[in-house]
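**Student:** Once you've had a glance at the structure underneath, I'll fire off some questions.
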Amino acid sequence: MSFLKKSSPLLLAILSFQPQAVEVTDELDIGGAVRVNYGWKDYDNNAKLEFELFRADVNYKTDDGLFASAQYRWYQDMDVVHHAYMGYQFDEAQSVQVGVTQVPFGLLPYAAHSFWFGATYYIGFEDDYDAGIHYQYQHENLRVDLAYFANDEYGNGSRFDRYSFDVATTEQSPYQESGQLNAR
């Protein structure tokens with residue numbers, strides 16, 4: 001004890017230092033899903049368990065308003081980007097997203113609740129994702145969306161392996177999605 005009484009104030013401060021807890025409030029959520037399908041066909045006496053989907057999800061957000069979200073999917077015959085964006089939450093009601101984000105058009109967020117989706121999915125009126133910037137205001141029962149999409153999620157209409165249904169680019173039909181403005 002006599003050593004501490006004769007020590008310098010700096011040494012006493014070092015010996016009595018207790019680190020303060022630093023609160024980290026960033027949130028990182030990593031998840032996914034695996035889906036298999038079991039089918040039994042009585043007309044050909046055939047039962048089969050098949051792989052259908054593997055999905056990886058990453059979501060991140062900070063207290064100062066930054067956020068990001070991405071989902072990648074592997075199916076039996078293709079692998080696709082579902083969405084991949086980053087954004088900023090200005091306040092409780094306003095945010096902006098940049099990247100492959102959901103198109104604010106049609107039935108939101110989606111209406112199909114089965115393996116086969118619905119007709120609106122196949123004509124591009126629900127669960128469609130494209131590359132662009134998306135502003136959203138949502139307060140109580142009012143939601144306003146403004147978005148500009150430079151192109152489809154891959155920027156290449158001739159790539160047919162994709163989650164969303166988009167305009168296809170072929171030699172006979174050289175159409176493409178570009179410069180799309182949405183207001184909802």
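Quick note on naming: the chains in the structure tokens go A, B, ... in the order shown, residues restart at 1 in each chain, and ligands are numbered from 1 in order of appearance.
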Show which residues sit within 12 Å of A:Leu108, as a PyMOL selection string. Count only C-alpha atoms, and ignore same-chain residues fewer than 3 positions away.

**Tutor:** chain A and resi 102-105+111-112+120-121+124-129+143+145+184

**Student:** Would you please extract all alpha helix (DSSP H) residues from stretch 15-150 of chain A, as assigned by DSSP on the backbone, and give them as number ranges by chain?

**Tutor:** A: 15, 119-122

**Student:** Please produce a file of the residues just selected, as a PDB file, in the first residue's frame, where the atoms kept are N, CA, C and O atoms.

**Tutor:**
ATOM      1  N   LEU A  15      -3.745   2.683 -12.823  1.00  0.00           N
ATOM      2  CA  LEU A  15      -4.146   1.525 -12.027  1.00  0.00           C
ATOM      3  C   LEU A  15      -5.637   1.520 -11.722  1.00  0.00           C
ATOM      4  O   LEU A  15      -6.239   0.473 -11.543  1.00  0.00           O
ATOM      5  N   ALA A 119     -50.792 -14.464 -62.042  1.00  0.00           N
ATOM      6  CA  ALA A 119     -50.661 -13.863 -63.374  1.00  0.00           C
ATOM      7  C   ALA A 119     -50.007 -12.489 -63.311  1.00  0.00           C
ATOM      8  O   ALA A 119     -49.215 -12.130 -64.198  1.00  0.00           O
ATOM      9  N   THR A 120     -50.271 -11.722 -62.263  1.00  0.00           N
ATOM     10  CA  THR A 120     -49.682 -10.380 -62.177  1.00  0.00           C
ATOM     11  C   THR A 120     -48.163 -10.422 -62.031  1.00  0.00           C
ATOM     12  O   THR A 120     -47.474  -9.512 -62.478  1.00  0.00           O
ATOM     13  N   TYR A 121     -47.627 -11.465 -61.432  1.00  0.00           N
ATOM     14  CA  TYR A 121     -46.168 -11.614 -61.337  1.00  0.00           C
ATOM     15  C   TYR A 121     -45.574 -11.819 -62.734  1.00  0.00           C
ATOM     16  O   TYR A 121     -44.574 -11.206 -63.096  1.00  0.00           O
ATOM     17  N   TYR A 122     -46.203 -12.668 -63.528  1.00  0.00           N
ATOM     18  CA  TYR A 122     -45.657 -13.018 -64.841  1.00  0.00           C
ATOM     19  C   TYR A 122     -45.790 -11.902 -65.874  1.00  0.00           C
ATOM     20  O   TYR A 122     -45.108 -11.927 -66.891  1.00  0.00           O
TER      21      TYR A 122
END

**Student:** So what do you get for atom CA of A:Asp130 versus atom CA of A:Val80, distance-wise?

**Tutor:**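 If I compute the distance from atom CA of A:Asp130 to atom CA of A:Val80, I get 12.7 Å.
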
**Student:** Measure the distance from atom CA of A:Gly31 to atom CA of A:Arg73 in Å and round it to one decimal.

**Tutor:**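 Going from atom CA of A:Gly31 over to atom CA of A:Arg73 covers 12.0 Å.
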
**Student:** Using DSSP secondary structure from the backbone, list all strand (DSSP E or B) positions within stretch 57-166 of chain A, as a ChimeraX atom specification.

**Tutor:** /A:57-61,66-75,79-89,94-102,107,126,129-139,142-152

**Student:** Using atom CA of A:Ala183 and atom CA of A:Ala147 as the two end points, give the distance in Å to one decimal.

**Tutor:**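 So the answer is 6.5 Å.
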